[in-house]
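Enquirer: Compact mmCIF, C-alpha atoms and all ligand atoms, file final29.txt:
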```txt
# COMPACT_ATOMS: atom_id res chain seq x y z
CA MET A 1 -28.66 10.46 4.69
CA LYS A 2 -25.60 11.73 2.89
CA ILE A 3 -22.82 13.01 5.13
CA ASN A 4 -20.40 15.68 3.98
CA LYS A 5 -18.27 16.05 7.08
CA LEU A 6 -15.78 13.45 8.27
CA ASP A 7 -17.02 11.12 10.97
CA LYS A 8 -14.13 10.46 13.36
CA ASP A 9 -15.80 7.21 14.48
CA ASN A 10 -15.84 5.63 11.04
CA ILE A 11 -12.23 5.75 9.94
CA PRO A 12 -10.87 2.79 7.93
CA GLU A 13 -8.53 0.62 9.92
CA HIS A 14 -6.50 -0.25 6.84
CA LEU A 15 -6.11 2.02 3.84
CA ALA A 16 -4.28 0.80 0.73
CA ILE A 17 -3.30 2.99 -2.19
CA ILE A 18 -2.21 2.28 -5.76
CA MET A 19 -0.13 5.40 -6.33
CA ASP A 20 -0.41 5.83 -10.10
CA GLY A 21 0.13 8.63 -12.60
CA ASN A 22 3.60 9.99 -11.84
CA GLY A 23 4.76 9.63 -15.43
CA ARG A 24 1.68 11.33 -16.89
CA TRP A 25 1.97 14.15 -14.36
CA ALA A 26 5.48 14.86 -15.61
CA LYS A 27 4.63 14.44 -19.30
CA LYS A 28 1.79 16.96 -19.03
CA ARG A 29 4.36 19.50 -17.89
CA GLY A 30 6.96 18.62 -20.49
CA LEU A 31 9.17 17.08 -17.78
CA ARG A 32 10.93 13.74 -17.57
CA ARG A 33 9.04 10.87 -15.91
CA GLU A 34 11.59 10.98 -13.09
CA GLN A 35 10.28 14.40 -12.04
CA GLY A 36 6.88 12.82 -11.54
CA HIS A 37 8.33 10.25 -9.19
CA ILE A 38 10.09 12.99 -7.20
CA GLU A 39 6.85 14.95 -6.90
CA GLY A 40 5.00 11.75 -5.98
CA LYS A 41 7.26 11.38 -2.98
CA LYS A 42 5.79 14.64 -1.62
CA SER A 43 2.31 13.13 -1.89
CA VAL A 44 3.49 10.12 0.12
CA LYS A 45 4.64 12.46 2.88
CA SER A 46 1.39 14.38 2.84
CA ILE A 47 -0.79 11.24 2.91
CA VAL A 48 1.23 9.69 5.74
CA GLU A 49 0.66 12.89 7.74
CA SER A 50 -3.06 12.74 6.96
CA CYS A 51 -3.27 9.16 8.20
CA ILE A 52 -1.74 10.20 11.50
CA GLU A 53 -4.07 13.18 11.83
CA LEU A 54 -7.13 11.08 10.99
CA GLY A 55 -6.23 8.10 13.17
CA ILE A 56 -5.79 5.56 10.35
CA LYS A 57 -3.70 2.77 11.89
CA ASN A 58 -2.49 0.95 8.74
CA LEU A 59 -1.44 2.42 5.42
CA THR A 60 -0.18 0.17 2.61
CA LEU A 61 1.32 1.84 -0.46
CA TYR A 62 1.96 0.14 -3.80
CA ALA A 63 5.35 1.51 -4.73
CA PHE A 64 6.77 -1.07 -7.19
CA SER A 65 5.08 -4.12 -8.69
CA THR A 66 6.57 -7.38 -9.97
CA GLU A 67 5.51 -6.15 -13.43
CA ASN A 68 7.38 -2.85 -12.97
CA TRP A 69 10.64 -4.85 -13.39
CA ASN A 70 9.78 -4.76 -17.10
CA ARG A 71 10.29 -0.97 -17.27
CA PRO A 72 13.43 0.51 -18.85
CA LYS A 73 16.44 -0.12 -16.63
CA ILE A 74 17.16 3.58 -16.35
CA GLU A 75 13.74 4.22 -14.76
CA ILE A 76 14.07 1.22 -12.43
CA ASP A 77 17.52 2.43 -11.30
CA PHE A 78 16.12 5.90 -10.68
CA LEU A 79 13.22 4.54 -8.60
CA MET A 80 15.60 2.42 -6.52
CA GLN A 81 17.88 5.39 -5.87
CA LEU A 82 14.86 7.56 -4.95
CA LEU A 83 13.71 4.86 -2.54
CA PHE A 84 17.12 4.67 -0.93
CA LEU A 85 17.42 8.45 -0.48
CA SER A 86 13.84 8.67 0.86
CA LEU A 87 14.48 5.99 3.45
CA ARG A 88 17.71 7.66 4.49
CA ASP A 89 16.04 11.07 4.79
CA GLU A 90 12.88 9.87 6.52
CA ILE A 91 14.10 7.37 9.12
CA LYS A 92 14.29 10.11 11.76
CA ASN A 93 10.78 11.34 10.97
CA LEU A 94 9.39 7.82 11.14
CA ASN A 95 10.61 7.53 14.69
CA LYS A 96 9.60 11.06 15.63
CA ASN A 97 6.04 10.35 14.43
CA ASN A 98 5.84 6.89 16.00
CA ILE A 99 5.51 5.14 12.63
CA LYS A 100 6.36 1.48 12.21
CA PHE A 101 7.83 0.71 8.80
CA GLU A 102 7.16 -2.59 7.02
CA THR A 103 7.44 -4.00 3.51
CA ILE A 104 5.67 -6.70 1.51
CA GLY A 105 7.00 -8.22 -1.70
CA ASN A 106 10.00 -10.09 -3.05
CA LEU A 107 12.80 -7.98 -1.72
CA GLU A 108 15.54 -10.34 -2.93
CA ARG A 109 15.23 -8.80 -6.39
CA LEU A 110 16.14 -5.33 -5.04
CA PRO A 111 19.73 -4.00 -4.95
CA LYS A 112 21.67 -5.26 -1.91
CA LYS A 113 22.23 -1.76 -0.55
CA ILE A 114 18.46 -1.22 -0.41
CA ILE A 115 17.71 -4.63 1.12
CA GLU A 116 20.15 -3.80 3.93
CA TYR A 117 18.71 -0.34 4.46
CA LEU A 118 15.13 -1.65 4.51
CA LYS A 119 16.14 -4.10 7.22
CA LYS A 120 17.68 -1.30 9.25
CA VAL A 121 14.60 0.95 8.97
CA LYS A 122 12.28 -1.91 9.95
CA LYS A 123 14.44 -2.80 12.92
CA GLU A 124 14.72 0.77 14.13
CA THR A 125 10.98 1.46 13.90
CA LYS A 126 9.57 -1.88 14.99
CA LEU A 127 8.40 -0.67 18.41
CA ASN A 128 6.45 2.29 16.99
CA SER A 129 2.70 2.03 17.22
CA LYS A 130 0.80 5.03 15.89
CA LEU A 131 0.76 3.97 12.24
CA THR A 132 2.03 0.90 10.40
CA LEU A 133 3.30 2.07 7.04
CA THR A 134 3.78 -0.86 4.67
CA LEU A 135 5.49 -0.37 1.31
CA ALA A 136 4.67 -2.94 -1.36
CA LEU A 137 7.98 -3.33 -3.17
CA SER A 138 8.58 -5.80 -5.96
CA TYR A 139 5.11 -6.95 -4.93
CA GLY A 140 2.68 -9.11 -6.90
CA GLY A 141 -0.59 -10.45 -5.56
CA ARG A 142 -0.34 -13.67 -7.55
CA LYS A 143 3.22 -14.26 -6.38
CA GLU A 144 2.04 -13.74 -2.80
CA ILE A 145 -0.64 -16.41 -3.28
CA ILE A 146 1.90 -18.80 -4.84
CA ASP A 147 4.14 -18.28 -1.79
CA VAL A 148 1.22 -18.97 0.55
CA VAL A 149 0.45 -22.23 -1.27
CA LYS A 150 4.10 -23.29 -1.03
CA LYS A 151 4.37 -22.46 2.69
CA ILE A 152 1.17 -24.28 3.57
CA SER A 153 1.89 -27.33 1.41
CA ASP A 154 5.31 -27.67 3.07
CA LYS A 155 3.58 -27.65 6.46
CA VAL A 156 1.06 -30.24 5.29
CA LYS A 157 3.88 -32.44 4.02
CA ASN A 158 5.64 -32.18 7.38
CA ASN A 159 2.43 -32.86 9.34
CA ILE A 160 2.40 -29.40 10.92
CA ILE A 161 -1.02 -28.61 9.42
CA SER A 162 -3.69 -31.05 8.30
CA SER A 163 -5.20 -30.16 4.92
CA LYS A 164 -8.72 -30.52 6.33
CA ASN A 165 -7.98 -27.64 8.70
CA ILE A 166 -7.05 -25.14 5.99
CA ASP A 167 -9.46 -22.24 6.24
CA GLU A 168 -9.40 -18.45 5.73
CA SER A 169 -7.47 -17.82 8.91
CA VAL A 170 -4.74 -20.28 7.88
CA ILE A 171 -4.40 -18.45 4.56
CA ASN A 172 -4.39 -15.05 6.31
CA ASN A 173 -1.63 -16.19 8.64
CA HIS A 174 0.61 -17.14 5.71
CA LEU A 175 0.16 -13.99 3.63
CA TYR A 176 2.88 -11.31 3.56
CA THR A 177 0.25 -9.19 5.34
CA TYR A 178 -0.30 -11.71 8.15
CA ASN A 179 0.00 -8.92 10.72
CA LEU A 180 -2.47 -6.55 9.02
CA PRO A 181 -6.28 -6.42 9.06
CA ASP A 182 -8.25 -6.69 5.78
CA VAL A 183 -8.18 -3.59 3.60
CA ASP A 184 -11.21 -1.40 4.29
CA LEU A 185 -10.59 1.14 1.56
CA LEU A 186 -8.51 0.84 -1.62
CA ILE A 187 -7.73 4.02 -3.53
CA ARG A 188 -6.27 4.18 -7.03
CA THR A 189 -5.22 7.49 -8.54
CA SER A 190 -4.74 8.46 -12.22
CA GLY A 191 -8.10 7.35 -13.59
CA GLU A 192 -7.22 3.71 -14.29
CA LYS A 193 -9.84 1.33 -12.96
CA ARG A 194 -7.83 -1.82 -12.38
CA ILE A 195 -6.07 -3.61 -9.56
CA SER A 196 -2.75 -4.30 -11.35
CA ASN A 197 -1.94 -7.37 -9.23
CA PHE A 198 -2.18 -5.56 -5.87
CA LEU A 199 -3.46 -7.27 -2.67
CA LEU A 200 -5.78 -9.76 -4.39
CA TRP A 201 -6.90 -11.76 -1.36
CA GLN A 202 -6.95 -8.82 1.04
CA ILE A 203 -9.35 -6.68 -1.02
CA ALA A 204 -12.10 -9.30 -1.23
CA TYR A 205 -14.48 -6.94 0.64
CA SER A 206 -12.71 -3.58 0.37
CA GLU A 207 -14.48 -0.46 -0.73
CA LEU A 208 -12.89 0.77 -3.97
CA TYR A 209 -12.28 4.43 -4.75
CA PHE A 210 -10.98 5.56 -8.12
CA THR A 211 -9.98 9.15 -8.79
CA LYS A 212 -8.67 10.89 -11.92
CA LYS A 213 -6.20 12.88 -9.82
CA LEU A 214 -2.64 11.90 -10.70
CA TRP A 215 -0.61 10.71 -7.70
CA PRO A 216 1.63 13.82 -7.47
CA ASP A 217 -1.55 15.94 -7.24
CA PHE A 218 -3.19 13.73 -4.60
CA ARG A 219 -2.88 15.51 -1.26
CA LYS A 220 -4.71 15.99 2.06
CA LYS A 221 -7.99 17.35 0.72
CA ASP A 222 -8.19 14.43 -1.70
CA ILE A 223 -7.87 11.86 1.03
CA HIS A 224 -10.64 13.66 2.92
CA LYS A 225 -12.83 13.41 -0.18
CA ALA A 226 -12.10 9.68 -0.50
CA LEU A 227 -12.95 9.12 3.16
CA ILE A 228 -16.24 10.99 2.85
CA SER A 229 -17.11 8.73 -0.08
CA TYR A 230 -16.18 5.69 2.03
CA GLN A 231 -18.29 6.90 4.94
CA ASN A 232 -21.31 7.36 2.71
CA ARG A 233 -21.32 3.68 1.78
CA GLU A 234 -23.13 0.90 3.56
CA ARG A 235 -20.84 -2.10 4.02
CA ARG A 236 -23.27 -4.98 4.06
CA PHE A 237 -20.94 -7.99 3.72
CA GLY A 238 -23.73 -9.95 2.09
CA LYS A 239 -26.42 -9.06 4.62
CA THR A 240 -29.54 -6.98 3.98
CA SER A 241 -29.62 -3.29 4.73
CA ASP A 242 -32.10 -3.88 7.60
CA GLN A 243 -29.71 -6.31 9.26
CA ILE A 244 -26.98 -3.67 9.32
CA LYS A 245 -29.09 -0.96 11.04
C1 LIG A 301 3.25 5.17 -10.51
O1 LIG A 301 3.30 6.06 -11.58
C2 LIG A 301 4.62 4.83 -9.97
C3 LIG A 301 5.09 3.47 -10.27
C4 LIG A 301 4.39 2.54 -10.86
C5 LIG A 301 6.44 3.16 -9.88
P1 LIG A 301 3.64 5.58 -13.06
O2 LIG A 301 5.12 5.60 -13.23
O3 LIG A 301 2.98 4.29 -13.35
O4 LIG A 301 2.99 6.74 -13.90
P2 LIG A 301 2.13 6.60 -15.24
O5 LIG A 301 1.07 5.58 -14.99
O6 LIG A 301 3.09 6.17 -16.31
O7 LIG A 301 1.57 7.96 -15.47
C1 LIG A 302 0.66 -0.16 -10.52
O1 LIG A 302 0.86 0.88 -11.43
C2 LIG A 302 1.88 -0.37 -9.70
C3 LIG A 302 2.22 0.72 -8.79
C4 LIG A 302 1.52 1.79 -8.55
C5 LIG A 302 3.45 0.53 -8.05
P1 LIG A 302 1.31 0.60 -12.93
O2 LIG A 302 1.36 1.91 -13.61
O3 LIG A 302 2.54 -0.20 -12.95
O4 LIG A 302 0.12 -0.30 -13.46
P2 LIG A 302 -0.47 -0.53 -14.92
O5 LIG A 302 0.68 -0.85 -15.81
O6 LIG A 302 -1.15 0.73 -15.32
O7 LIG A 302 -1.43 -1.66 -14.74
MG MG A 303 1.17 3.78 -14.10
```
Can I see the file as structure tokens?
Expert:
Amino acid sequence: MKINKLDKDNIPEHLAIIMDGNGRWAKKRGLRREQGHIEGKKSVKSIVESCIELGIKNLTLYAFSTENWNRPKIEIDFLMQLLFLSLRDEIKNLNKNNIKFETIGNLERLPKKIIEYLKKVKKETKLNSKLTLTLALSYGGRKEIIDVVKKISDKVKNNIISSKNIDESVINNHLYTYNLPDVDLLIRTSGEKRISNFLLWQIAYSELYFTKKLWPDFRKKDIHKALISYQNRERRFGKTSDQIK
């Protein structure tokens, strides 16, 4: 039976979002791409609030990919500055709302000032427990897997792990997301139907939701719609429908 009202007992534990379409949002209005990023920041705020209201415990947002380093320097610089100002403005709210802030990705490529500030925000929010908000910054799924392989092979070489004991849990424990559960629901805005090198291992059994809405237009009612879609699916994990019931 199709449900059309949110079921509070079937909320994803981990929601991940590919926030796409800022540039197109701006272009449609005759604005500079930068304006789209500024407006997109408001959507981040609105979706974080929704997660708290709905009881979603983990939200992971794709903010900047390893491939995004290939954008024009002027746009990269703008995004970095926007990130810095957002962190500075929001640190108080993170604590007020009991939000733990985390990052995944290769932070060493970011400007020093931002690396320092990210450290500070993580440290000052690390005891919060209502929502874990993870920003994927300079993140690439393939790079993450390469790093896992390196970490594990070092441990094998040093006799800390035996190669015959490598299983899914060993891989999970060496991912950037070692402290997060698998992604239950992955949303991508802007109409593109691709993963763009986001959480490759972690989405093995995620439900996927694609919407044409551009990220700056994606707000509370849109997340409700995505959740209703999620709740109308049967997650079988390879079993038969009868086994699930
Ligand atoms: C997503 O919006 C934000 C980042 C990737 C940083 P885009 O900037 O990719 O917007 P479009 O896809 O060009 O519209
Ligand atoms: C994916 O969006 C990365 C982020 C949302 C941060 P892109 O706009 O960079 O992806 P492509 O180029 O359409 O694959
Ligand atoms: Mg894009």
Enquirer: List all protein, DNA and RNA residues that have at least one atom no more than 7 Å from any atom of ligand LIG 302 (chain A), counting all atoms listed in the file, and write them as a list of chain:residue names.
Expert: A:Ile18, A:Met19, A:Asp20, A:Gly21, A:Tyr62, A:Ala63, A:Phe64, A:Ser65, A:Glu67, A:Asn68, A:Glu192, A:Arg194, A:Ser196
Enquirer: Which residues of stretch 146-186 of chain A come within 12 Å of stretch 223-238 of chain A, and what is each one's closest atom pair and distance in Å (one decimal), counting all atoms listed in the file, sorted by chain and residue number, as a Markdown table?
Expert:
```
| residue | atom | partner | partner_atom | distance |
| --- | --- | --- | --- | --- |
| A:Asp184 | CA | A:Tyr230 | CA | 8.9 |
| A:Leu185 | CA | A:Tyr230 | CA | 7.2 |
| A:Leu186 | CA | A:Ala226 | CA | 9.6 |
```
Enquirer: How many Å lie between atom O3 of ligand LIG 301 (chain A) and atom CA of A:Thr125, rounded to one decimal?
Expert: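 Between these atoms lies a distance of 28.5 Å.
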Enquirer: Residues proximal to (0.3, -0.2, 11.2) were defined as those with any atom within 8 Å of that point in the file's coordinates, counting all atoms listed in the file. Which are they, as JSON, numbers by chain?
Expert: {"A": [57, 58, 59, 99, 100, 101, 129, 130, 131, 132, 133, 134, 180]}
Enquirer: Quick one: distance from atom CA of A:Lys120 to atom CA of A:Asn93 in Å, one decimal?
Expert: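 These atoms are spaced 14.5 Å apart.
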Enquirer: State, in Å with one decimal place, the distance from atom CA of A:Ile146 to atom CA of A:Ala204.
Expert: 17.3 Å
Enquirer: Just want the 7 Å neighbourhood of A:Gly191, counted on all atoms listed in the file, with same-chain residues fewer than 6 positions away dropped. Output as a list in words.
Expert: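 The neighbour list is Phe210, Thr211, Lys212 and Lys213 of chain A.
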Enquirer: Tell me which protein, DNA and RNA residues are within 12 Å of A:Ser163, counting all atoms listed in the file, leaving out same-chain ones fewer than 5 positions away, and put them as a PDB file with C-alpha atoms, keeping the file's coordinate frame.
Expert:
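Below you can see selection.pdb, which holds the result:
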```
ATOM      1  CA  VAL A 149       0.450 -22.230  -1.270  1.00  0.00           C
ATOM      2  CA  ILE A 152       1.170 -24.280   3.570  1.00  0.00           C
ATOM      3  CA  SER A 153       1.890 -27.330   1.410  1.00  0.00           C
ATOM      4  CA  ASP A 154       5.310 -27.670   3.070  1.00  0.00           C
ATOM      5  CA  LYS A 155       3.580 -27.650   6.460  1.00  0.00           C
ATOM      6  CA  VAL A 156       1.060 -30.240   5.290  1.00  0.00           C
ATOM      7  CA  LYS A 157       3.880 -32.440   4.020  1.00  0.00           C
ATOM      8  CA  ASN A 158       5.640 -32.180   7.380  1.00  0.00           C
ATOM      9  CA  VAL A 170      -4.740 -20.280   7.880  1.00  0.00           C
ATOM     10  CA  ILE A 171      -4.400 -18.450   4.560  1.00  0.00           C
TER      11      ILE A 171
END
```
Enquirer: Identify which of the residues A:Arg219, A:Lys164, A:Arg24, A:His14 lies closest to ligand MG 303 (chain A), counting all atoms listed in the file when measuring atom-to-atom distances.
Expert: A:Arg24
Enquirer: What lies within 12 Å of A:Ile114 using only C-alpha atoms, ignoring chain neighbours under 3 positions off, as an MDAnalysis selection string?
Expert: chainID A and resid 77 79:88 107:111 117:121 137
Enquirer: Have a look at A:Ile52, A:Met1, A:Ile203, A:Leu94 and name the one nearest to A:Lys220; count only C-alpha atoms.
Expert: A:Ile52
Enquirer: Using all atoms listed in the file, which of the listed residues (A:Leu200, A:Ile145, A:Leu208, A:Leu61) sits closest to A:Asn173?
Expert: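 Checking each of A:Leu200, A:Ile145, A:Leu208, A:Leu61 against A:Asn173, counting all atoms listed in the file, the winner is A:Ile145.
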Enquirer: Let me have the centre and edge lengths in Å, one decimal, of the box along x, y and z around every listed atom of stretch 176-192 of chain A with 8 Å of margin on each side, as lines of an AutoDock Vina configuration file.
Expert:
```
center_x = -4.2
center_y = -1.6
center_z = -1.8
size_x = 30.1
size_y = 36.2
size_z = 41.0
```
Enquirer: Would you mind telling me which residue in A:Thr60, A:Asn106, A:Asn95, A:Ser50 lies nearest to A:Leu135 when using all atoms listed in the file?
Expert: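 Closest residue, counting all atoms listed in the file: A:Thr60.
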Enquirer: Taking all atoms listed in the file into account, name the residue in A:Ile166, A:Arg71, A:Arg29, A:Lys42 that is nearest to ligand MG 303 (chain A).
Expert: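 Of A:Ile166, A:Arg71, A:Arg29, A:Lys42, the one nearest ligand MG 303 (chain A) is A:Arg71, counting all atoms listed in the file.
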Enquirer: How about completing stretch 193-212 of chain A with N, CA, C and O atoms and giving it to me as a PDB file, in the coordinates of the input?
Expert:
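Ended up saving to rebuild-v9.pdb:
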```
ATOM      1  N   LYS A 193      -8.949   2.082 -13.848  1.00  0.00           N
ATOM      2  CA  LYS A 193      -9.840   1.330 -12.960  1.00  0.00           C
ATOM      3  C   LYS A 193      -9.434  -0.130 -13.010  1.00  0.00           C
ATOM      4  O   LYS A 193     -10.116  -0.980 -13.570  1.00  0.00           O
ATOM      5  N   ARG A 194      -8.270  -0.421 -12.463  1.00  0.00           N
ATOM      6  CA  ARG A 194      -7.830  -1.820 -12.380  1.00  0.00           C
ATOM      7  C   ARG A 194      -6.998  -1.996 -11.123  1.00  0.00           C
ATOM      8  O   ARG A 194      -6.567  -1.034 -10.488  1.00  0.00           O
ATOM      9  N   ILE A 195      -6.743  -3.258 -10.809  1.00  0.00           N
ATOM     10  CA  ILE A 195      -6.070  -3.610  -9.560  1.00  0.00           C
ATOM     11  C   ILE A 195      -4.569  -3.816  -9.776  1.00  0.00           C
ATOM     12  O   ILE A 195      -3.780  -3.693  -8.841  1.00  0.00           O
ATOM     13  N   SER A 196      -4.178  -4.125 -11.010  1.00  0.00           N
ATOM     14  CA  SER A 196      -2.750  -4.300 -11.350  1.00  0.00           C
ATOM     15  C   SER A 196      -2.005  -5.212 -10.358  1.00  0.00           C
ATOM     16  O   SER A 196      -0.903  -4.872  -9.919  1.00  0.00           O
ATOM     17  N   ASN A 197      -2.630  -6.329 -10.036  1.00  0.00           N
ATOM     18  CA  ASN A 197      -1.940  -7.370  -9.230  1.00  0.00           C
ATOM     19  C   ASN A 197      -1.593  -6.915  -7.812  1.00  0.00           C
ATOM     20  O   ASN A 197      -0.635  -7.382  -7.216  1.00  0.00           O
ATOM     21  N   PHE A 198      -2.372  -5.978  -7.268  1.00  0.00           N
ATOM     22  CA  PHE A 198      -2.180  -5.560  -5.870  1.00  0.00           C
ATOM     23  C   PHE A 198      -2.975  -6.522  -4.985  1.00  0.00           C
ATOM     24  O   PHE A 198      -3.745  -7.334  -5.490  1.00  0.00           O
ATOM     25  N   LEU A 199      -2.808  -6.474  -3.710  1.00  0.00           N
ATOM     26  CA  LEU A 199      -3.460  -7.270  -2.670  1.00  0.00           C
ATOM     27  C   LEU A 199      -4.739  -8.033  -3.079  1.00  0.00           C
ATOM     28  O   LEU A 199      -5.844  -7.635  -2.734  1.00  0.00           O
ATOM     29  N   LEU A 200      -4.598  -9.111  -3.814  1.00  0.00           N
ATOM     30  CA  LEU A 200      -5.780  -9.760  -4.390  1.00  0.00           C
ATOM     31  C   LEU A 200      -6.689 -10.393  -3.336  1.00  0.00           C
ATOM     32  O   LEU A 200      -7.903 -10.232  -3.363  1.00  0.00           O
ATOM     33  N   TRP A 201      -6.110 -11.102  -2.408  1.00  0.00           N
ATOM     34  CA  TRP A 201      -6.900 -11.760  -1.360  1.00  0.00           C
ATOM     35  C   TRP A 201      -7.464 -10.727  -0.390  1.00  0.00           C
ATOM     36  O   TRP A 201      -8.631 -10.785   0.011  1.00  0.00           O
ATOM     37  N   GLN A 202      -6.627  -9.772  -0.029  1.00  0.00           N
ATOM     38  CA  GLN A 202      -6.950  -8.820   1.040  1.00  0.00           C
ATOM     39  C   GLN A 202      -8.042  -7.828   0.670  1.00  0.00           C
ATOM     40  O   GLN A 202      -8.600  -7.163   1.538  1.00  0.00           O
ATOM     41  N   ILE A 203      -8.343  -7.674  -0.635  1.00  0.00           N
ATOM     42  CA  ILE A 203      -9.350  -6.680  -1.020  1.00  0.00           C
ATOM     43  C   ILE A 203     -10.706  -7.317  -1.339  1.00  0.00           C
ATOM     44  O   ILE A 203     -11.577  -6.670  -1.912  1.00  0.00           O
ATOM     45  N   ALA A 204     -10.860  -8.577  -0.917  1.00  0.00           N
ATOM     46  CA  ALA A 204     -12.100  -9.300  -1.230  1.00  0.00           C
ATOM     47  C   ALA A 204     -13.346  -8.470  -0.881  1.00  0.00           C
ATOM     48  O   ALA A 204     -14.337  -8.478  -1.609  1.00  0.00           O
ATOM     49  N   TYR A 205     -13.317  -7.738   0.237  1.00  0.00           N
ATOM     50  CA  TYR A 205     -14.480  -6.940   0.640  1.00  0.00           C
ATOM     51  C   TYR A 205     -14.137  -5.474   0.880  1.00  0.00           C
ATOM     52  O   TYR A 205     -14.819  -4.768   1.625  1.00  0.00           O
ATOM     53  N   SER A 206     -13.084  -5.003   0.219  1.00  0.00           N
ATOM     54  CA  SER A 206     -12.710  -3.580   0.370  1.00  0.00           C
ATOM     55  C   SER A 206     -13.682  -2.700  -0.399  1.00  0.00           C
ATOM     56  O   SER A 206     -14.224  -3.107  -1.424  1.00  0.00           O
ATOM     57  N   GLU A 207     -13.826  -1.479   0.075  1.00  0.00           N
ATOM     58  CA  GLU A 207     -14.480  -0.460  -0.730  1.00  0.00           C
ATOM     59  C   GLU A 207     -13.438   0.086  -1.698  1.00  0.00           C
ATOM     60  O   GLU A 207     -12.276   0.278  -1.314  1.00  0.00           O
ATOM     61  N   LEU A 208     -13.837   0.305  -2.945  1.00  0.00           N
ATOM     62  CA  LEU A 208     -12.890   0.770  -3.970  1.00  0.00           C
ATOM     63  C   LEU A 208     -13.181   2.239  -4.305  1.00  0.00           C
ATOM     64  O   LEU A 208     -14.344   2.631  -4.435  1.00  0.00           O
ATOM     65  N   TYR A 209     -12.137   3.003  -4.419  1.00  0.00           N
ATOM     66  CA  TYR A 209     -12.280   4.430  -4.750  1.00  0.00           C
ATOM     67  C   TYR A 209     -11.294   4.776  -5.849  1.00  0.00           C
ATOM     68  O   TYR A 209     -10.087   4.639  -5.672  1.00  0.00           O
ATOM     69  N   PHE A 210     -11.841   5.184  -7.000  1.00  0.00           N
ATOM     70  CA  PHE A 210     -10.980   5.560  -8.120  1.00  0.00           C
ATOM     71  C   PHE A 210     -11.086   7.059  -8.344  1.00  0.00           C
ATOM     72  O   PHE A 210     -12.188   7.606  -8.338  1.00  0.00           O
ATOM     73  N   THR A 211      -9.956   7.719  -8.513  1.00  0.00           N
ATOM     74  CA  THR A 211      -9.980   9.150  -8.790  1.00  0.00           C
ATOM     75  C   THR A 211      -9.075   9.459  -9.977  1.00  0.00           C
ATOM     76  O   THR A 211      -8.068   8.793 -10.188  1.00  0.00           O
ATOM     77  N   LYS A 212      -9.474  10.491 -10.743  1.00  0.00           N
ATOM     78  CA  LYS A 212      -8.670  10.890 -11.920  1.00  0.00           C
ATOM     79  C   LYS A 212      -7.412  11.635 -11.505  1.00  0.00           C
ATOM     80  O   LYS A 212      -6.485  11.772 -12.295  1.00  0.00           O
TER      81      LYS A 212
END
```
